[in-house]
Amino acid sequence: MSFLPQIVFLIIFGAAGYILAKRVKFLKRNILLGKAETRNDQSENRWKTMLLVAFGQKKMFKKFIPAILHLFIYVGFVVINLEVLEFILDGILGTHRLFAPILGSAYTVAMNLFEFLAVAVLAACIIFLIRRNILKVERFQKPEMKGWPALDGNLILVIESVLMLAILTMNASDQILAARGVEHYTLLGTLTFSAPLKPIFEGMSDGALIFIERLAWWFHIIGILAFAIYVTYSKHLHIFLAFPNTWYSNLKPKGEMANMPEVTNEVNMMLGIPTEAPADPPAEIGRFGAKDVNDLSWVNVLNAYSCTECGRCTAECPANITGKELSPRKIMMNVRDRAEEVGKSIDSGGPGLEDGKSLLGDYISKEEINACTSCNACVEACPVNIDPLSIILQMRRYVAMEESGSPAQWNSMFQNMETSFSPWKFSPQDRFNWAESVKDEEMK
Amino acid sequence: MSTYKVPTMAEMASKGESPEVLFWVGCAGSFDERYKAVTQAFVKILNKVGVSFAVLGPEETCTGDPARRAGNEFLFQMQAVANIQVMNGYEVKKVVTACPHCFNTIKNEYPALGGNYEVIHHSQFLQQLINEGKVTLKGGGEFKGKKITFHDSCYLGRANNVYEAPREVIKALDVELVEMKRCRTKGLCCGAGGAQMFKEPEPGKKYINVERTEDALATGASAIAVGCPFCLTMMTDGVKNKEKESEVKVYDLAEMIAKDMGI
């Protein structure tokens, strides 16, 4: 009978692990819907970028107040997870506060730190909820945030708050029981942050308190496992993916557009430049540019899954600021939604990519991609180095090269460039006319 | 007295000479009525300082930047490969240009197609000339003590991390450099990049250049300094839109230096 909680715990823990493993496989497959791209160069720089940007939150600190609040939640998440290790071991071994006798008085210090962080996380979550729902910070009110994305953001904050309350409740009731000398409970030093909750529970019987303490314990550990699974369905995936995402950052100058070597041979032939036939001609020539999620690089799709919809990109986008349809955040959300749709379809034996839909057209409009000034403000703003511009430019390539569907004025510009080698319609013979007046002028 | 010289690479090659630096003029620098003055100002500075330079003249064509940003990779590469052929033919080693779009394309995108040069923007070139004492500024010209604000071009700033060179050039003029609330990495685009220069904006509530001009006007500056032909057009139009053209002027950095040098 006494083994029952351990068996129940192991079943829950195993089930959560199984579901998580399946979800990770699903996400990995979806990310790899994107085309192969090798980004393993400059590994020292990549580790450095990851340490600074993801681990060190460097770019978050462009906005100080949210950065500090976010830091509380981030540190809280990382540190409190150390306590979860004890939870898991207690759950498996049927012990209670396994580490307390080992660590001695240091255990009380650690508990106080965890409690401080729990309170800080709770405060940060409440302030974030206020910012989203009462102060209505503008970047959370954009059209792409309606419905599930807004609910998702709020749910995460509420779940985190409740989990923190569970820790404090557990510690308060646990210490009352310990003070009463109830078996199994270990009396620690003063726990500063849960102590104020004690008066709520002091009038209760031992039985009621044990029930509350156990309930809070189970709620916290099951809550964390459930949250871990929830995260894989949510924008909150950034807590894990920010690390690989920054490791795979684009380390080239932001202004450099990726080359299309598949075009160069034809260009050389047109210009009468002798070219060697490519050593290994690609088995299958894909389309130029990107129409659907599989035309993008897998890094673009990883970017999409790493996006936590904070909207700093959109808030800095000159097109969005002046009321155009384009929102870089929406581009990222669309890429993820399309990858999810295709992935689910494949898993249910459906048509997958051949469902008659595509990223460009069904999710993203030409008006959106045509509004981009390629100014890189979105790329600069992203706290985890997501690159929405790369996706926009790949779609423009599809429209121009596969559909000849660029705006009429761009088509005229193309024509000018073909005939007079300038985007404007000037005669190439006049290109050097500007020098005439200078050449006649006496040098002072 | 001699006149200003604008040698071409072809002329120099025929004499068996090669200049230290190729001045890449760009399409706006060659054809845009307003921006030709910037090209001329920069050429005068080069003459005055005695820099060994040449231009491609009629042999220059568009770098292909707007075609590439608008998605036409084939047309971009046609332009790029042809330009690289010409430049490699003249064994060009170093390129200076006043256009951040040409700068970015030649510096970052030509290497993949076989064009490897040292490329610098004219703001960096001017800063070097000033630091080396080759350009001596009188500092008493029309800008002395005036408030000047600098508009960061996206293709110079975020695209290539050049933020300080243009500011150093302005500061050398003995002016009060005032920053807009959105500057450097947070600088707002003028609205012309990504081939927007060549089409009407998509439907929206406001023109981007007007939004940006409001930032510039809010500083109280009497002149807006830019380092890009597209920004020059967009900011000039923005100032006109706000009916401030009699009070606030828009200049390229080279024009400001040339004015101060009295040339």
# chains A, B, ... in the order shown; residues from 1 in each chain; ligands from 1
call {"tool": "residues_around", "arguments": {"residues": "Arg97 (chain A)", "least_positions_apart": "6", "cutoff": "8 Å", "atoms": "only C-alpha atoms", "output": "MDAnalysis selection string"}}
result
chainID A and resid 86:87 90 186
call {"tool": "residues_around", "arguments": {"residues": "Ala304 (chain A)", "least_positions_apart": "5", "cutoff": "9 Å", "atoms": "only C-alpha atoms", "output": "list of chain:residue names"}}
result
A:Ile31, A:Val299, A:Ile331, A:Met332, A:Met333, A:Asn334, A:Val335, A:Arg336, A:Asp337, A:Ile386, A:Pro388
call {"tool": "interface_residues", "arguments": {"of": "chain B", "to": "chain A", "cutoff": "6 Å", "atoms": "only C-alpha atoms", "output": "PyMOL selection string"}}
result
chain B and resi 2-5+30+57-58+61-62+71-72+78+108+154+159-160+193-194+199+202-206
call {"tool": "write_last_selection", "arguments": {"atoms": "N, CA and C atoms", "output": "PDB file, in the first residue's frame"}}
result
ATOM      1  N   SER B   2      44.258  74.840 -63.158  1.00  0.00           N
ATOM      2  CA  SER B   2      43.773  73.604 -63.794  1.00  0.00           C
ATOM      3  C   SER B   2      42.319  73.360 -63.415  1.00  0.00           C
ATOM      4  N   THR B   3      41.679  72.500 -64.153  1.00  0.00           N
ATOM      5  CA  THR B   3      40.289  72.149 -63.858  1.00  0.00           C
ATOM      6  C   THR B   3      40.281  70.802 -63.139  1.00  0.00           C
ATOM      7  N   TYR B   4      39.089  70.470 -62.580  1.00  0.00           N
ATOM      8  CA  TYR B   4      38.947  69.167 -61.918  1.00  0.00           C
ATOM      9  C   TYR B   4      39.065  68.060 -62.953  1.00  0.00           C
ATOM     10  N   LYS B   5      39.651  66.970 -62.552  1.00  0.00           N
ATOM     11  CA  LYS B   5      39.823  65.829 -63.455  1.00  0.00           C
ATOM     12  C   LYS B   5      38.897  64.689 -63.021  1.00  0.00           C
ATOM     13  N   SER B  30      24.821  58.999 -60.964  1.00  0.00           N
ATOM     14  CA  SER B  30      25.008  59.326 -62.373  1.00  0.00           C
ATOM     15  C   SER B  30      23.813  60.064 -62.974  1.00  0.00           C
ATOM     16  N   GLY B  57      32.863  55.346 -65.511  1.00  0.00           N
ATOM     17  CA  GLY B  57      32.190  56.154 -66.531  1.00  0.00           C
ATOM     18  C   GLY B  57      31.110  55.363 -67.241  1.00  0.00           C
ATOM     19  N   PRO B  58      31.120  55.367 -68.588  1.00  0.00           N
ATOM     20  CA  PRO B  58      30.049  54.683 -69.321  1.00  0.00           C
ATOM     21  C   PRO B  58      30.092  53.166 -69.154  1.00  0.00           C
ATOM     22  N   THR B  61      27.517  49.831 -64.662  1.00  0.00           N
ATOM     23  CA  THR B  61      26.072  49.569 -64.742  1.00  0.00           C
ATOM     24  C   THR B  61      25.558  49.362 -63.316  1.00  0.00           C
ATOM     25  N   CYS B  62      24.244  49.295 -63.190  1.00  0.00           N
ATOM     26  CA  CYS B  62      23.648  49.075 -61.863  1.00  0.00           C
ATOM     27  C   CYS B  62      24.268  47.843 -61.219  1.00  0.00           C
ATOM     28  N   GLY B  71      13.518  40.372 -55.870  1.00  0.00           N
ATOM     29  CA  GLY B  71      13.336  38.946 -56.113  1.00  0.00           C
ATOM     30  C   GLY B  71      13.900  38.433 -57.426  1.00  0.00           C
ATOM     31  N   ASN B  72      14.370  39.339 -58.298  1.00  0.00           N
ATOM     32  CA  ASN B  72      14.843  38.899 -59.612  1.00  0.00           C
ATOM     33  C   ASN B  72      16.339  38.565 -59.557  1.00  0.00           C
ATOM     34  N   MET B  78      23.075  38.869 -63.643  1.00  0.00           N
ATOM     35  CA  MET B  78      23.494  39.387 -64.952  1.00  0.00           C
ATOM     36  C   MET B  78      24.291  40.684 -64.767  1.00  0.00           C
ATOM     37  N   ASN B 108      29.603  42.714 -49.932  1.00  0.00           N
ATOM     38  CA  ASN B 108      29.140  41.458 -49.349  1.00  0.00           C
ATOM     39  C   ASN B 108      28.668  40.425 -50.362  1.00  0.00           C
ATOM     40  N   CYS B 154      19.919  52.191 -43.540  1.00  0.00           N
ATOM     41  CA  CYS B 154      19.865  50.792 -43.093  1.00  0.00           C
ATOM     42  C   CYS B 154      21.026  49.979 -43.643  1.00  0.00           C
ATOM     43  N   ALA B 159      22.886  46.916 -41.658  1.00  0.00           N
ATOM     44  CA  ALA B 159      23.371  45.931 -42.623  1.00  0.00           C
ATOM     45  C   ALA B 159      24.871  45.716 -42.504  1.00  0.00           C
ATOM     46  N   ASN B 160      25.620  46.768 -42.168  1.00  0.00           N
ATOM     47  CA  ASN B 160      27.084  46.649 -42.171  1.00  0.00           C
ATOM     48  C   ASN B 160      27.768  47.242 -40.937  1.00  0.00           C
ATOM     49  N   GLY B 193      14.444  51.400 -49.076  1.00  0.00           N
ATOM     50  CA  GLY B 193      15.233  50.181 -49.251  1.00  0.00           C
ATOM     51  C   GLY B 193      14.407  49.023 -49.779  1.00  0.00           C
ATOM     52  N   GLY B 194      15.124  47.937 -50.119  1.00  0.00           N
ATOM     53  CA  GLY B 194      14.424  46.740 -50.587  1.00  0.00           C
ATOM     54  C   GLY B 194      13.633  46.986 -51.853  1.00  0.00           C
ATOM     55  N   LYS B 199       8.851  51.743 -56.542  1.00  0.00           N
ATOM     56  CA  LYS B 199       7.410  51.536 -56.664  1.00  0.00           C
ATOM     57  C   LYS B 199       6.684  52.350 -55.600  1.00  0.00           C
ATOM     58  N   GLU B 202       2.962  50.113 -50.447  1.00  0.00           N
ATOM     59  CA  GLU B 202       1.727  49.341 -50.283  1.00  0.00           C
ATOM     60  C   GLU B 202       0.743  50.185 -49.468  1.00  0.00           C
ATOM     61  N   PRO B 203      -0.556  49.829 -49.532  1.00  0.00           N
ATOM     62  CA  PRO B 203      -1.545  50.628 -48.791  1.00  0.00           C
ATOM     63  C   PRO B 203      -1.222  50.697 -47.297  1.00  0.00           C
ATOM     64  N   GLY B 204      -1.381  51.878 -46.722  1.00  0.00           N
ATOM     65  CA  GLY B 204      -1.091  52.057 -45.300  1.00  0.00           C
ATOM     66  C   GLY B 204      -1.672  53.380 -44.839  1.00  0.00           C
ATOM     67  N   LYS B 205      -1.276  53.761 -43.619  1.00  0.00           N
ATOM     68  CA  LYS B 205      -1.840  54.988 -43.049  1.00  0.00           C
ATOM     69  C   LYS B 205      -0.945  56.192 -43.283  1.00  0.00           C
ATOM     70  N   LYS B 206       0.331  55.926 -43.586  1.00  0.00           N
ATOM     71  CA  LYS B 206       1.287  57.014 -43.597  1.00  0.00           C
ATOM     72  C   LYS B 206       2.471  56.639 -44.472  1.00  0.00           C
TER      73      LYS B 206
END
call {"tool": "closest_residue", "arguments": {"among": "B:Gly133, B:Gly64, B:Pro19, B:Gly191", "to": "Phe103 (chain B)", "atoms": "only C-alpha atoms"}}
result
B:Gly64
call {"tool": "select_by_dssp", "arguments": {"residues": "region 7-253 of chain B", "states": "strand (DSSP E)", "output": "PyMOL selection string"}}
result
chain B and resi 21-24+53-54+94-97+118-121+147-150+176-178+223-226+249-252
call {"tool": "closest_residue", "arguments": {"among": "B:Gln77, B:Thr136, B:Gln85, B:Ser14", "to": "Ala258 (chain B)", "atoms": "only C-alpha atoms"}}
result
B:Thr136
call {"tool": "select_by_dssp", "arguments": {"residues": "region 167-391 of chain A", "states": "helix (DSSP H, G or I)", "output": "count of residues only"}}
result
132
call {"tool": "atom_distance", "arguments": {"atom1": "CA of Gln57 (chain A)", "atom2": "CA of Asn250 (chain A)"}}
result
17.4 Å
call {"tool": "residues_around", "arguments": {"residues": "Leu56 (chain B)", "least_positions_apart": "4", "cutoff": "12 Å", "atoms": "only C-alpha atoms", "output": "ChimeraX atom specification"}}
result
/A:431-432,435 /B:6-13,19,21-26,30,60-62,83-84,86-87,89-90,92,95
call {"tool": "residues_around", "arguments": {"residues": "Val49 (chain B)", "least_positions_apart": "4", "cutoff": "10 Å", "atoms": "only C-alpha atoms", "output": "NGL selection string"}}
result
:B and (43-45 or 129 or 133-136)
